[in-house]
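Student: Got a structure here, written out as structure tokens. Questions coming.
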Amino acid sequence: MAKQFRVQVVSVEALVWSGESEMVVARTTEGELAVLAGHAPLLGQLKEPSRVRIKVNGGDEIGFDVAGGFLSVSNDDVTVLAETAHPAQGEDPAAVAARGTATAEAH
């Protein structure tokens with residue numbers, strides 16, 4: 001079993017989710033990154049729109065669609081501070097946005 005660490009997903013309005021995780025995957029303006037326990041501290045600006053994926057105990061994965069905000073990693077604690085965050089539904093919003101941009105450029 002991978003070492004776990006605390007994760008919080010917070011929107012402007014409320015704490016959306018809090019729990020233990022084995023890995024967090026987020027897309028920042030610098031690219032996609034995965035965070036495991038013991039990761040070096042960092043602060044990254046979340047790409048807009050995007051999906052944050054959280055791997056919890058047992059290999060299950062939960063996702064949150066986020067708009068705006070930051071990913072903060074310190075010690076064994078990760079906080080996603082987003083303007084909006086809600087449980088993921090359907091396709092990754094970044095993939096939808098990329099397709100829309102490619103379609104617009106083709107015309």
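In the structure tokens, chains take the letters A, B, ... in the order shown, each chain's residues start at 1, and ligands count up from 1 in the order shown.
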How would you write, as a ChimeraX atom specification, the set of residues in chain A that DSSP gives as strand (DSSP E or B)?
Tutor: /A:5-11,15-21,23-28,31-35,42-46,50-55,61-67,70-74,77-82,84-87
Student: I need the residues from that last selection saved to file as a short mmCIF file (atom, residue, chain, number, x, y, z; two decimals), in the first residue's frame (with C-alpha atoms), if you can.
Tutor:
```
data_model
loop_
_atom_site.label_atom_id
_atom_site.label_comp_id
_atom_site.auth_asym_id
_atom_site.auth_seq_id
_atom_site.Cartn_x
_atom_site.Cartn_y
_atom_site.Cartn_z
CA PHE A 5 -1.38 12.00 2.79
CA ARG A 6 -4.12 14.53 3.53
CA VAL A 7 -5.94 16.26 0.65
CA GLN A 8 -8.46 19.09 0.72
CA VAL A 9 -10.45 20.47 -2.21
CA VAL A 10 -11.76 23.92 -1.34
CA SER A 11 -13.87 26.29 -3.43
CA LEU A 15 -14.86 22.75 1.66
CA VAL A 16 -15.78 20.38 -1.20
CA TRP A 17 -13.83 17.27 -0.13
CA SER A 18 -11.30 16.25 2.48
CA GLY A 19 -9.64 12.89 3.03
CA GLU A 20 -6.61 10.67 2.68
CA SER A 21 -5.04 9.98 -0.71
CA MET A 23 -1.85 10.31 -5.29
CA VAL A 24 -3.22 13.57 -6.69
CA VAL A 25 -3.02 14.42 -10.39
CA ALA A 26 -3.64 18.02 -11.47
CA ARG A 27 -3.10 20.09 -14.58
CA THR A 28 -1.29 23.37 -13.92
CA GLY A 31 1.76 21.03 -17.27
CA GLU A 32 0.20 17.99 -15.65
CA LEU A 33 1.77 16.71 -12.45
CA ALA A 34 1.27 13.86 -10.03
CA VAL A 35 1.83 14.31 -6.31
CA LEU A 42 5.19 23.70 -4.48
CA LEU A 43 2.50 26.16 -5.46
CA GLY A 44 1.03 25.80 -8.94
CA GLN A 45 -1.66 27.72 -10.77
CA LEU A 46 -4.41 25.37 -11.99
CA SER A 50 -9.38 21.18 -15.64
CA ARG A 51 -10.01 18.08 -13.60
CA VAL A 52 -8.17 17.14 -10.41
CA ARG A 53 -7.98 13.38 -9.89
CA ILE A 54 -7.48 11.88 -6.44
CA LYS A 55 -6.48 8.23 -5.98
CA GLU A 61 -10.27 7.41 -8.03
CA ILE A 62 -12.45 10.45 -7.54
CA GLY A 63 -12.35 13.60 -9.62
CA PHE A 64 -13.30 17.23 -9.31
CA ASP A 65 -13.84 19.67 -12.16
CA VAL A 66 -12.23 22.95 -11.18
CA ALA A 67 -12.03 26.44 -12.60
CA PHE A 70 -4.06 26.93 -7.12
CA LEU A 71 -2.56 23.63 -6.04
CA SER A 72 -0.55 23.86 -2.84
CA VAL A 73 1.77 21.05 -1.71
CA SER A 74 3.49 21.23 1.68
CA ASP A 77 -0.59 17.87 2.72
CA VAL A 78 -2.17 18.91 -0.59
CA THR A 79 -4.76 21.67 -0.90
CA VAL A 80 -6.64 22.51 -4.08
CA LEU A 81 -7.90 26.10 -3.77
CA ALA A 82 -10.32 26.68 -6.65
CA THR A 84 -15.25 26.64 -8.36
CA ALA A 85 -15.01 22.90 -7.72
CA HIS A 86 -17.61 20.18 -8.08
CA PRO A 87 -17.60 16.39 -8.43
#
```
Student: Please measure the separation of CA of Glu22 in chain A and CA of Gly68 in chain A, giving the value in Å to one decimal.
Tutor: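 Here the two named atoms are 23.9 Å from each other.
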Student: Please return, as number ranges by chain, all residues of range 13-103 of chain A that DSSP assigns to alpha helix (DSSP H) on the basis of the backbone.
Tutor: A: 93-103
